[in-house]
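Student: I am sharing upload09.cif, which consists of mmCIF, C-alpha atoms:
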data_data
#
loop_
_atom_site.label_atom_id
_atom_site.label_comp_id
_atom_site.auth_asym_id
_atom_site.auth_seq_id
_atom_site.Cartn_x
_atom_site.Cartn_y
_atom_site.Cartn_z
CA MET A 1 2.40 3.98 9.81
CA ALA A 2 4.24 3.08 6.63
CA ASP A 3 3.38 1.79 3.21
CA ALA A 4 4.89 -1.54 2.30
CA ALA A 5 7.83 -1.46 -0.07
CA PRO A 6 6.85 -2.35 -3.66
CA PRO A 7 8.15 -5.47 -5.36
CA PRO A 8 11.54 -5.21 -7.09
CA SER A 9 11.92 -4.41 -10.76
CA LYS A 10 14.71 -5.14 -13.21
CA ARG A 11 17.35 -2.53 -14.03
CA LYS A 12 20.50 -2.20 -16.13
CA ARG A 13 23.56 -3.29 -14.12
CA GLU A 14 21.35 -4.41 -11.22
CA VAL A 15 22.99 -7.44 -9.68
CA ALA A 16 20.33 -9.05 -7.51
CA ALA A 17 17.21 -8.44 -5.51
CA ALA A 18 17.75 -7.16 -1.98
CA GLY A 19 16.90 -9.83 0.54
CA GLU A 20 15.36 -9.29 3.95
CA ASP A 21 17.79 -7.75 6.40
CA ALA A 22 18.68 -9.22 9.77
CA PRO A 23 20.73 -6.96 12.06
CA GLY A 24 19.68 -3.39 12.66
CA THR A 25 22.61 -1.40 13.97
CA GLU A 26 25.54 0.48 12.58
CA ASP A 27 28.03 -2.09 13.81
CA LYS A 28 29.30 -3.52 10.54
CA GLU A 29 31.28 -6.18 12.38
CA ALA A 30 27.95 -7.84 13.06
CA ARG A 31 27.80 -8.82 9.38
CA THR A 32 28.70 -12.43 8.66
CA ALA A 33 30.44 -13.32 5.42
CA GLY A 34 27.92 -15.17 3.27
CA VAL A 35 26.14 -17.04 6.05
CA GLY A 36 22.37 -16.76 6.03
CA ASN A 37 22.39 -13.45 4.18
CA GLY A 38 18.98 -12.60 2.79
CA THR A 39 17.26 -15.65 4.29
CA ALA A 40 14.60 -16.15 6.94
CA ALA A 41 15.71 -19.63 7.99
CA PRO A 42 15.44 -20.69 11.65
CA ALA A 43 18.64 -20.00 13.55
CA HIS A 44 20.28 -20.18 16.96
CA LEU A 45 22.33 -17.66 18.89
CA PRO A 46 26.09 -18.27 18.44
CA PHE A 47 26.60 -18.87 22.17
CA SER A 48 24.98 -20.59 25.14
CA GLY A 49 23.43 -18.67 28.01
CA PHE A 50 23.34 -14.91 28.46
CA ARG A 51 23.83 -13.39 31.90
CA VAL A 52 23.19 -9.65 31.81
CA GLN A 53 26.12 -7.62 33.07
CA LYS A 54 24.93 -4.14 32.21
CA VAL A 55 22.44 -2.13 30.20
CA LEU A 56 24.80 -0.18 27.97
CA ARG A 57 22.17 2.10 26.48
CA GLU A 58 18.43 2.32 25.98
CA SER A 59 16.00 4.58 24.17
CA ALA A 60 12.28 4.65 24.86
CA ARG A 61 11.75 6.82 21.78
CA ASP A 62 13.58 4.48 19.41
CA LYS A 63 12.40 1.31 21.22
CA ILE A 64 15.93 -0.10 21.41
CA LEU A 65 18.00 -1.69 24.18
CA PHE A 66 21.75 -2.49 24.24
CA LEU A 67 22.80 -5.26 26.65
CA HIS A 68 26.23 -6.48 27.71
CA GLY A 69 26.24 -10.07 28.91
CA LYS A 70 28.48 -12.99 29.80
CA VAL A 71 28.03 -16.14 27.70
CA ASN A 72 29.42 -19.70 27.55
CA GLU A 73 30.11 -19.63 31.30
CA ALA A 74 29.38 -23.34 31.64
CA SER A 75 32.57 -24.15 29.71
CA GLY A 76 34.91 -21.74 31.50
CA ASP A 77 35.22 -18.13 32.54
CA GLY A 78 32.75 -17.02 29.93
CA GLU A 79 33.02 -14.49 27.13
CA ASP A 80 31.58 -11.06 26.51
CA ALA A 81 28.71 -10.51 24.10
CA ILE A 82 26.47 -7.61 23.18
CA VAL A 83 22.83 -8.12 22.23
CA ILE A 84 20.82 -5.26 20.74
CA LEU A 85 17.04 -5.59 20.85
CA GLU A 86 14.89 -3.32 18.71
CA LYS A 87 11.13 -3.25 18.10
CA THR A 88 10.37 -3.45 14.39
CA PRO A 89 8.12 -0.87 12.67
CA PHE A 90 4.49 -1.62 11.89
CA GLN A 91 3.44 -2.71 8.42
CA VAL A 92 0.06 -1.84 6.91
CA GLU A 93 -1.01 -5.40 6.11
CA GLN A 94 0.04 -6.60 9.56
CA VAL A 95 -1.99 -3.97 11.39
CA ALA A 96 -5.13 -5.22 9.64
CA GLN A 97 -4.38 -8.73 10.93
CA LEU A 98 -3.66 -7.37 14.38
CA LEU A 99 -7.11 -5.83 14.85
CA THR A 100 -9.29 -8.50 13.22
CA GLY A 101 -11.08 -11.15 15.25
CA SER A 102 -10.70 -10.89 19.01
CA PRO A 103 -7.23 -9.57 19.87
CA GLU A 104 -5.96 -10.19 23.40
CA LEU A 105 -6.35 -6.89 25.28
CA GLN A 106 -5.91 -5.49 28.78
CA LEU A 107 -7.69 -2.22 29.55
CA GLN A 108 -5.42 0.43 31.08
CA PHE A 109 -7.92 3.28 31.38
CA SER A 110 -11.11 4.63 29.82
CA ASN A 111 -12.45 8.19 29.85
CA ASP A 112 -15.33 9.31 27.62
CA ILE A 113 -14.33 8.51 24.01
CA TYR A 114 -10.71 7.69 24.94
CA SER A 115 -9.39 4.34 26.09
CA THR A 116 -5.94 2.78 26.31
CA TYR A 117 -5.13 -0.94 26.17
CA HIS A 118 -2.19 -3.27 26.21
CA LEU A 119 -2.52 -5.41 23.08
CA PHE A 120 -0.68 -8.74 22.90
CA PRO A 121 0.02 -9.61 19.26
CA PRO A 122 0.34 -13.17 17.94
CA ARG A 123 3.83 -14.60 17.52
CA GLN A 124 4.14 -13.82 13.82
CA LEU A 125 3.48 -10.12 14.47
CA SER A 126 5.69 -9.63 17.52
CA ASP A 127 9.21 -10.08 16.20
CA VAL A 128 12.10 -8.15 17.74
CA LYS A 129 15.10 -7.30 15.58
CA THR A 130 18.10 -8.79 17.38
CA THR A 131 21.73 -7.94 16.64
CA VAL A 132 24.54 -9.92 18.23
CA VAL A 133 28.16 -8.80 18.59
CA TYR A 134 30.13 -11.87 19.69
CA PRO A 135 32.76 -12.15 20.89
CA ALA A 136 32.68 -8.53 22.01
CA THR A 137 35.84 -6.61 22.84
CA GLU A 138 36.29 -3.68 25.19
CA LYS A 139 36.13 -1.39 22.15
CA HIS A 140 32.68 -2.73 21.35
CA LEU A 141 31.50 -2.22 24.93
CA GLN A 142 32.72 1.37 24.93
CA LYS A 143 31.19 1.99 21.52
CA TYR A 144 27.69 1.14 22.71
CA LEU A 145 27.96 2.64 26.19
CA ARG A 146 26.13 5.94 26.51
CA GLN A 147 28.62 8.80 26.72
CA ASP A 148 28.50 12.58 26.82
CA LEU A 149 29.28 14.21 23.48
CA HIS A 150 31.54 17.18 22.77
CA LEU A 151 31.67 19.32 19.61
CA VAL A 152 35.08 19.86 18.08
CA ARG A 153 36.22 21.99 15.14
CA GLU A 154 38.90 20.31 13.09
CA THR A 155 41.00 22.45 10.75
CA GLY A 156 42.70 21.04 7.69
CA GLY A 157 45.95 21.12 9.66
CA ASP A 158 44.35 19.30 12.58
CA TYR A 159 43.31 16.54 10.21
CA LYS A 160 46.79 16.10 8.72
CA ASN A 161 48.69 16.40 12.00
CA VAL A 162 46.32 14.81 14.54
CA THR A 163 43.28 12.98 13.13
CA LEU A 164 44.93 11.15 10.23
CA PRO A 165 47.93 9.85 12.25
CA HIS A 166 45.50 8.72 14.96
CA LEU A 167 43.36 6.84 12.43
CA GLU A 168 46.40 5.20 10.86
CA SER A 169 47.49 3.97 14.28
CA GLN A 170 44.20 2.16 14.82
CA SER A 171 43.53 -1.38 13.65
CA LEU A 172 40.22 -0.62 11.92
CA SER A 173 39.36 -3.55 9.68
CA ILE A 174 37.06 -2.91 6.73
CA GLN A 175 37.34 -6.40 5.27
CA TRP A 176 33.55 -6.68 5.38
CA VAL A 177 33.42 -3.79 2.85
CA TYR A 178 35.76 -5.60 0.48
CA ASN A 179 33.69 -8.77 0.89
CA ILE A 180 30.64 -6.88 -0.40
CA LEU A 181 32.52 -5.26 -3.29
CA ASP A 182 34.07 -8.61 -4.27
CA LYS A 183 30.67 -10.40 -3.99
CA LYS A 184 32.00 -12.69 -1.25
CA ALA A 185 29.19 -11.62 1.06
CA GLU A 186 25.74 -10.05 0.73
CA ALA A 187 25.73 -10.26 -3.08
CA ASP A 188 22.06 -11.18 -2.95
CA ARG A 189 21.29 -7.91 -1.16
CA ILE A 190 22.80 -5.56 -3.74
CA VAL A 191 20.09 -3.36 -5.25
CA PHE A 192 22.19 -1.73 -7.98
CA GLU A 193 25.77 -1.70 -9.20
CA ASN A 194 27.87 0.47 -11.47
CA PRO A 195 30.89 -1.84 -11.92
CA ASP A 196 33.37 0.84 -13.07
CA PRO A 197 36.46 0.34 -10.85
CA ALA A 198 37.20 4.08 -10.62
CA ASP A 199 33.79 5.76 -10.74
CA GLY A 200 31.42 2.94 -9.85
CA PHE A 201 29.69 1.77 -6.68
CA VAL A 202 27.27 -0.73 -5.21
CA LEU A 203 23.96 0.27 -3.60
CA ILE A 204 22.84 -1.92 -0.71
CA PRO A 205 20.20 -1.63 2.04
CA ASP A 206 21.63 -0.47 5.35
CA LEU A 207 21.38 -2.92 8.23
CA LYS A 208 19.09 -0.53 10.11
CA TRP A 209 16.33 -0.89 7.48
CA ASN A 210 14.25 -4.06 7.43
CA GLN A 211 12.92 -3.25 3.91
CA GLN A 212 9.32 -3.80 4.94
CA GLN A 213 8.21 -0.14 4.68
CA LEU A 214 9.43 3.06 3.07
CA ASP A 215 9.13 5.53 5.94
CA ASP A 216 12.58 4.56 7.21
CA LEU A 217 14.16 3.71 3.84
CA TYR A 218 17.93 3.55 4.22
CA LEU A 219 20.50 2.46 1.64
CA ILE A 220 24.27 2.85 1.39
CA ALA A 221 26.33 3.46 -1.76
CA ILE A 222 29.85 2.00 -1.35
CA CYS A 223 32.41 3.09 -3.94
CA HIS A 224 34.52 0.51 -5.75
CA ARG A 225 37.65 2.63 -5.67
CA ARG A 226 39.80 1.84 -2.65
CA GLY A 227 41.87 4.34 -0.73
CA ILE A 228 39.26 7.10 -0.40
CA ARG A 229 38.77 7.21 3.33
CA SER A 230 36.40 10.10 3.91
CA LEU A 231 35.22 13.56 2.95
CA ARG A 232 38.72 14.89 3.68
CA ASP A 233 40.20 12.89 0.76
CA LEU A 234 37.81 14.22 -1.88
CA THR A 235 39.07 16.45 -4.69
CA ALA A 236 37.85 17.40 -8.18
CA GLU A 237 39.28 14.04 -9.35
CA HIS A 238 36.39 12.32 -7.58
CA LEU A 239 33.59 14.40 -9.10
CA PRO A 240 32.62 11.76 -11.74
CA LEU A 241 32.28 9.17 -8.96
CA LEU A 242 30.21 11.48 -6.76
CA ARG A 243 27.94 12.52 -9.63
CA ASN A 244 27.39 8.86 -10.54
CA ILE A 245 26.44 8.01 -6.97
CA LEU A 246 23.97 10.88 -6.73
CA ARG A 247 22.33 10.44 -10.14
CA GLU A 248 22.38 6.67 -10.50
CA GLY A 249 21.60 6.05 -6.84
CA GLN A 250 18.48 8.21 -7.05
CA GLU A 251 17.45 6.58 -10.33
CA ALA A 252 17.89 3.08 -8.88
CA ILE A 253 15.82 3.93 -5.80
CA LEU A 254 13.09 5.48 -7.96
CA GLN A 255 12.85 2.40 -10.16
CA ARG A 256 13.13 -0.08 -7.28
CA TYR A 257 11.07 1.62 -4.57
CA GLN A 258 9.19 4.38 -6.47
CA VAL A 259 10.69 7.05 -4.20
CA LYS A 260 11.68 10.24 -6.06
CA GLY A 261 14.95 12.08 -5.52
CA ASP A 262 13.28 15.05 -3.84
CA ARG A 263 12.07 12.68 -1.11
CA LEU A 264 15.58 11.45 -0.33
CA ARG A 265 18.31 12.78 1.92
CA VAL A 266 21.66 11.91 0.29
CA TYR A 267 24.70 12.66 2.40
CA LEU A 268 28.12 11.66 3.74
CA HIS A 269 29.12 11.40 7.38
CA TYR A 270 32.12 13.17 8.84
CA LEU A 271 33.52 11.59 10.88
CA PRO A 272 32.35 8.38 9.19
CA SER A 273 31.71 5.16 11.08
CA TYR A 274 34.21 3.35 8.81
CA TYR A 275 36.94 4.67 6.54
CA HIS A 276 35.98 3.64 3.02
CA LEU A 277 33.98 6.24 1.10
CA HIS A 278 30.25 5.60 1.28
CA VAL A 279 27.11 7.69 0.86
CA HIS A 280 23.84 7.45 2.78
CA PHE A 281 20.40 7.50 1.08
CA THR A 282 17.53 7.88 3.56
CA ALA A 283 13.86 8.81 3.37
CA LEU A 284 13.61 12.57 3.84
CA GLY A 285 11.12 12.27 6.70
CA PHE A 286 13.20 9.69 8.58
CA GLU A 287 15.39 11.04 11.38
CA ALA A 288 18.22 8.61 10.76
CA PRO A 289 21.11 8.40 13.22
CA GLY A 290 23.85 10.79 12.15
CA SER A 291 21.62 12.95 9.94
CA GLY A 292 22.11 16.05 12.12
CA VAL A 293 24.01 19.15 11.01
CA GLU A 294 27.08 18.25 13.08
CA ARG A 295 27.74 15.11 11.04
CA ALA A 296 25.84 14.99 7.73
CA HIS A 297 27.10 16.70 4.55
CA LEU A 298 24.64 16.70 1.64
CA LEU A 299 26.20 15.08 -1.42
CA ALA A 300 24.85 17.72 -3.82
CA GLU A 301 26.58 20.43 -1.77
CA VAL A 302 29.80 18.40 -1.56
CA ILE A 303 29.82 18.21 -5.36
CA GLU A 304 29.20 21.95 -5.69
CA ASN A 305 31.95 22.77 -3.18
CA LEU A 306 34.46 20.66 -5.11
CA GLU A 307 33.43 22.23 -8.42
CA ARG A 308 34.22 25.66 -6.97
CA ASP A 309 37.37 24.66 -5.10
CA PRO A 310 39.06 21.28 -5.72
CA GLU A 311 40.83 21.49 -2.33
CA HIS A 312 37.78 22.59 -0.33
CA TYR A 313 37.80 19.61 2.02
CA GLN A 314 41.54 19.65 2.54
CA GLN A 315 41.33 23.21 3.82
CA ARG A 316 37.91 23.67 5.37
CA THR A 317 37.35 23.53 9.14
CA LEU A 318 34.83 20.76 9.87
CA THR A 319 32.69 20.46 13.00
CA PHE A 320 31.70 17.10 14.45
CA ALA A 321 30.87 15.44 17.77
CA LEU A 322 33.09 13.04 19.69
CA ARG A 323 32.28 10.92 22.71
CA ALA A 324 33.87 11.91 26.02
CA ASP A 325 35.99 8.74 26.08
CA ASP A 326 37.24 9.02 22.48
CA PRO A 327 41.06 9.39 22.48
CA LEU A 328 40.79 11.63 19.44
CA LEU A 329 38.90 14.22 21.51
CA ARG A 330 41.82 14.57 23.91
CA LEU A 331 44.36 14.68 21.09
CA LEU A 332 42.51 17.45 19.26
CA GLN A 333 41.92 19.44 22.44
CA GLU A 334 45.61 19.25 23.34
CA ALA A 335 46.72 20.22 19.83
CA GLN A 336 44.40 23.22 19.78
CA LYS A 337 45.70 24.46 23.12
CA SER A 338 49.30 24.54 21.94
#
Mind turning the file's structure into structure tokens?

Tutor:
Amino acid sequence: MADAAPPPSKRKREVAAAGEDAPGTEDKEARTAGVGNGTAAPAHLPFSGFRVQKVLRESARDKILFLHGKVNEASGDGEDAIVILEKTPFQVEQVAQLLTGSPELQLQFSNDIYSTYHLFPPRQLSDVKTTVVYPATEKHLQKYLRQDLHLVRETGGDYKNVTLPHLESQSLSIQWVYNILDKKAEADRIVFENPDPADGFVLIPDLKWNQQQLDDLYLIAICHRRGIRSLRDLTAEHLPLLRNILREGQEAILQRYQVKGDRLRVYLHYLPSYYHLHVHFTALGFEAPGSGVERAHLLAEVIENLERDPEHYQQRTLTFALRADDPLLRLLQEAQKS
């Protein structure tokens, strides 16, 4: 059970208080530019009807379900949509409300001092975080479909000759990133900003964190400088930016949430989920998606590697996992056979 997040405090260069988050997945295309951001106003789904086509993925441990459905069928052939349902974490003050009075219970079993019940919470304590991807393309459906994973080892040459050309051939829009940096969307959610165009960044809560407790704290630092796609692009030139993100990001989180730097995991993904340099800040005890050794690279170690060798990430062989249906997997496997 988690402690509630403390109220915000003021800070130099802090733009605005972070509002309550809505969606809870890594799909950044679910963000909407400036509509309802940071509010809790009543809303409606952006479509009519939802006929389930397939359960794309589910996790009993994470209490999350990914559904593919057909919508708007009354007006034609219908369109594809994805709805992601996720149980929200408990909050201390809510648990007290939950157990006071006479909660609605159904006994499942009782044995000596142990008993198990089904408890039915009141409406205000039973919300389900709901993320909608609509209209959904085939790429979205494949993204959320459970797939076997395969580890690959990518050399510096593999990146230049295979991975980078493949990425450049894809139409991967990151306009939502520029909307945040230009304050066209989610400006009210920014926790901290260093506005320097070369070595600055914004710090914003990740969509997976509802900001109601600290156990699963999750923020993202997005750099202002454009053109840095990933870890592979980093050289000694970027050390001032990386040091700013590490130091100022930790300071901002300490002042805002009273979480010290030694209780944070600060890292980059490779491969990243989108190709504009960003850094993850998560609670150390939280097993965040992508925090495993095959994908996460601690920022402090990235900085040290670049201090020792400015071309470390252009030359180093990097290991990461790819889904069985990812075209990049086949391309890398074929290149490494030849």

Student: The PyMOL selection byres ((chain A and resi 87-99) around 10) - which residues does that actually catch in the file I just gave you? List them as a VMD selection string.

Tutor: chain A and resid 1 to 5 24 62 to 65 85 to 86 100 to 104 119 to 122 124 to 130 209 to 210 212 to 216

Student: Identify all residues satisfying the PyMOL selection byres ((chain A and resi 281) around 7) in the given file; provide them as a list in words.

Tutor: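 Here the PyMOL selection byres ((chain A and resi 281) around 7) matches Tyr218, Leu219, Ile220, Leu264, Arg265, Val266, Tyr267, Val279, His280 and Thr282 of chain A.
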
Student: Given the choices A:Val132, A:Ile303, A:Leu328, A:Leu167, which gets closest to Tyr274 of chain A if the distance is worked out from only C-alpha atoms?

Tutor: A:Leu167

Student: Hey, can you check how far atom CA of Gln315 of chain A sits from atom CA of Gly157 of chain A?

Tutor: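 Distance reported for this atom pair: 7.7 Å.
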
Student: Return as lines of an AutoDock Vina configuration file the box centre and box size in Å, one decimal, for an axis-aligned box around all listed atoms of segment 74-78 of chain A padded by 3 Å per side.

Tutor:
center_x = 32.3
center_y = -20.6
center_z = 31.1
size_x = 11.8
size_y = 13.1
size_z = 8.8

Student: Nearest to Arg225 of chain A: which of A:Arg57, A:His276, A:Lys139, A:Arg263 is it, counting all atoms listed in the file?

Tutor: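 Among A:Arg57, A:His276, A:Lys139, A:Arg263, it is A:His276 that comes nearest to Arg225 of chain A.
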
Student: Find the residues near Gln142 of chain A: any atom within 10 Å, counting all atoms listed in the file, skip ones fewer than 3 places away on the same chain, and give them as a list in words.

Tutor: Leu56, Thr137, Glu138, Lys139, Leu145, Arg146, Gln147, Arg323, Asp325 and Asp326 of chain A

Student: One number please: atom CA of Val259 of chain A to atom CA of Gly285 of chain A, in Å, one decimal.

Tutor: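 These atoms are spaced 12.1 Å apart.
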
Student: Calculated over all atoms listed in the file, which of the candidates A:Gln211, A:Asn111, A:Ser273, A:Ser291 has the smallest distance to Leu172 of chain A?

Tutor: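 Closest to Leu172 of chain A of all the choices is A:Ser273.
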
Student: Would you list the contacts of Ile245 of chain A as an MDAnalysis selection string, taking every protein, DNA or RNA residue within 8 Å and counting only C-alpha atoms, but skipping same-chain residues closer than 6 positions in sequence?

Tutor: chainID A and resid 200:201 221 279

Student: Quick one: pull the distance between atom CA of Val191 of chain A and atom CA of Leu203 of chain A, Å, one decimal.

Tutor: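 Those two atoms sit 5.6 Å apart.
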
Student: Using only C-alpha atoms, determine which residues lie at most 10 Å from Ala324 of chain A, disregarding the query and same-chain residues fewer than 5 positions distant; provide the list as a PyMOL selection string.

Tutor: chain A and resi 146-150+329-330

Student: Write the residues of the selection above to a file with C-alpha atoms, as a compact mmCIF listing (two decimals), keeping the file's coordinate frame.

Tutor:
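The file below, again14.txt, is the result:
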# COMPACT_ATOMS: atom_id res chain seq x y z
CA ARG A 146 26.13 5.94 26.51
CA GLN A 147 28.62 8.80 26.72
CA ASP A 148 28.50 12.58 26.82
CA LEU A 149 29.28 14.21 23.48
CA HIS A 150 31.54 17.18 22.77
CA LEU A 329 38.90 14.22 21.51
CA ARG A 330 41.82 14.57 23.91

Student: Kindly indicate which residue among A:Lys160, A:Lys54, A:Lys183, A:Arg189 lies nearest to Leu141 of chain A, using only C-alpha atoms for the distances.

Tutor: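 Closest to Leu141 of chain A of all the choices is A:Lys54.
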
Student: With all atoms listed in the file as the basis for distance, which of A:Leu107, A:Leu231, A:Ala335, A:Ala136 is at the shortest distance from Leu67 of chain A?

Tutor: A:Ala136

Student: Return the single residue from A:Asp158, A:Glu193, A:Glu73, A:Glu311 that is closest to Ile180 of chain A, with distances computed using only C-alpha atoms.

Tutor: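 Of A:Asp158, A:Glu193, A:Glu73, A:Glu311, the one nearest Ile180 of chain A is A:Glu193, counting only C-alpha atoms.
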
Student: Could you write out as a PyMOL selection string the residues that the PyMOL selection byres ((chain A and resi 305) around 12) matches in the shown file?

Tutor: chain A and resi 231+234-236+239+242+297-304+306-316

Student: What would segment 179-197 of chain A look like with N, CA, C and O atoms restored, written as an mmCIF file, in the coordinates of the input?

Tutor:
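Output contents, as saved in result_9.cif:
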data_model
loop_
_atom_site.group_PDB
_atom_site.id
_atom_site.type_symbol
_atom_site.label_atom_id
_atom_site.label_comp_id
_atom_site.auth_asym_id
_atom_site.auth_seq_id
_atom_site.Cartn_x
_atom_site.Cartn_y
_atom_site.Cartn_z
ATOM 1 N N ASN A 179 34.493 -7.572 1.145
ATOM 2 C CA ASN A 179 33.690 -8.770 0.890
ATOM 3 C C ASN A 179 32.447 -8.436 0.068
ATOM 4 O O ASN A 179 32.044 -9.196 -0.827
ATOM 5 N N ILE A 180 31.823 -7.298 0.365
ATOM 6 C CA ILE A 180 30.640 -6.880 -0.400
ATOM 7 C C ILE A 180 31.047 -6.510 -1.825
ATOM 8 O O ILE A 180 30.430 -6.955 -2.797
ATOM 9 N N LEU A 181 32.094 -5.708 -1.961
ATOM 10 C CA LEU A 181 32.520 -5.260 -3.290
ATOM 11 C C LEU A 181 32.980 -6.426 -4.157
ATOM 12 O O LEU A 181 32.792 -6.405 -5.380
ATOM 13 N N ASP A 182 33.577 -7.446 -3.534
ATOM 14 C CA ASP A 182 34.070 -8.610 -4.270
ATOM 15 C C ASP A 182 33.017 -9.714 -4.388
ATOM 16 O O ASP A 182 33.319 -10.810 -4.865
ATOM 17 N N LYS A 183 31.796 -9.454 -3.929
ATOM 18 C CA LYS A 183 30.670 -10.400 -3.990
ATOM 19 C C LYS A 183 30.931 -11.669 -3.166
ATOM 20 O O LYS A 183 30.372 -12.726 -3.447
ATOM 21 N N LYS A 184 31.762 -11.555 -2.134
ATOM 22 C CA LYS A 184 32.000 -12.690 -1.250
ATOM 23 C C LYS A 184 30.950 -12.742 -0.137
ATOM 24 O O LYS A 184 30.829 -13.758 0.547
ATOM 25 N N ALA A 185 30.241 -11.677 0.047
ATOM 26 C CA ALA A 185 29.190 -11.620 1.060
ATOM 27 C C ALA A 185 28.125 -10.636 0.595
ATOM 28 O O ALA A 185 28.412 -9.648 -0.087
ATOM 29 N N GLU A 186 26.884 -10.943 0.932
ATOM 30 C CA GLU A 186 25.740 -10.050 0.730
ATOM 31 C C GLU A 186 25.477 -9.709 -0.734
ATOM 32 O O GLU A 186 24.809 -8.719 -1.046
ATOM 33 N N ALA A 187 25.965 -10.527 -1.657
ATOM 34 C CA ALA A 187 25.730 -10.260 -3.080
ATOM 35 C C ALA A 187 24.244 -10.272 -3.409
ATOM 36 O O ALA A 187 23.785 -9.537 -4.289
ATOM 37 N N ASP A 188 23.489 -11.096 -2.682
ATOM 38 C CA ASP A 188 22.060 -11.180 -2.950
ATOM 39 C C ASP A 188 21.291 -9.969 -2.442
ATOM 40 O O ASP A 188 20.109 -9.801 -2.735
ATOM 41 N N ARG A 189 21.956 -9.093 -1.702
ATOM 42 C CA ARG A 189 21.290 -7.910 -1.160
ATOM 43 C C ARG A 189 21.579 -6.652 -1.987
ATOM 44 O O ARG A 189 20.999 -5.599 -1.737
ATOM 45 N N ILE A 190 22.454 -6.742 -2.949
ATOM 46 C CA ILE A 190 22.800 -5.560 -3.740
ATOM 47 C C ILE A 190 21.604 -5.152 -4.604
ATOM 48 O O ILE A 190 21.047 -5.959 -5.339
ATOM 49 N N VAL A 191 21.226 -3.899 -4.509
ATOM 50 C CA VAL A 191 20.090 -3.360 -5.250
ATOM 51 C C VAL A 191 20.515 -2.882 -6.626
ATOM 52 O O VAL A 191 19.789 -3.012 -7.606
ATOM 53 N N PHE A 192 21.706 -2.293 -6.716
ATOM 54 C CA PHE A 192 22.190 -1.730 -7.980
ATOM 55 C C PHE A 192 23.710 -1.699 -7.940
ATOM 56 O O PHE A 192 24.316 -1.540 -6.872
ATOM 57 N N GLU A 193 24.321 -1.830 -9.129
ATOM 58 C CA GLU A 193 25.770 -1.700 -9.200
ATOM 59 C C GLU A 193 26.174 -0.997 -10.487
ATOM 60 O O GLU A 193 25.675 -1.298 -11.569
ATOM 61 N N ASN A 194 27.079 -0.050 -10.352
ATOM 62 C CA ASN A 194 27.870 0.470 -11.470
ATOM 63 C C ASN A 194 29.247 -0.147 -11.289
ATOM 64 O O ASN A 194 29.953 0.192 -10.336
ATOM 65 N N PRO A 195 29.672 -1.069 -12.164
ATOM 66 C CA PRO A 195 30.890 -1.840 -11.920
ATOM 67 C C PRO A 195 32.189 -1.121 -12.245
ATOM 68 O O PRO A 195 33.269 -1.702 -12.077
ATOM 69 N N ASP A 196 32.142 0.127 -12.711
ATOM 70 C CA ASP A 196 33.370 0.840 -13.070
ATOM 71 C C ASP A 196 34.307 0.880 -11.867
ATOM 72 O O ASP A 196 33.919 1.330 -10.787
ATOM 73 N N PRO A 197 35.566 0.415 -12.016
ATOM 74 C CA PRO A 197 36.460 0.340 -10.850
ATOM 75 C C PRO A 197 36.869 1.695 -10.292
ATOM 76 O O PRO A 197 37.248 1.787 -9.117
#
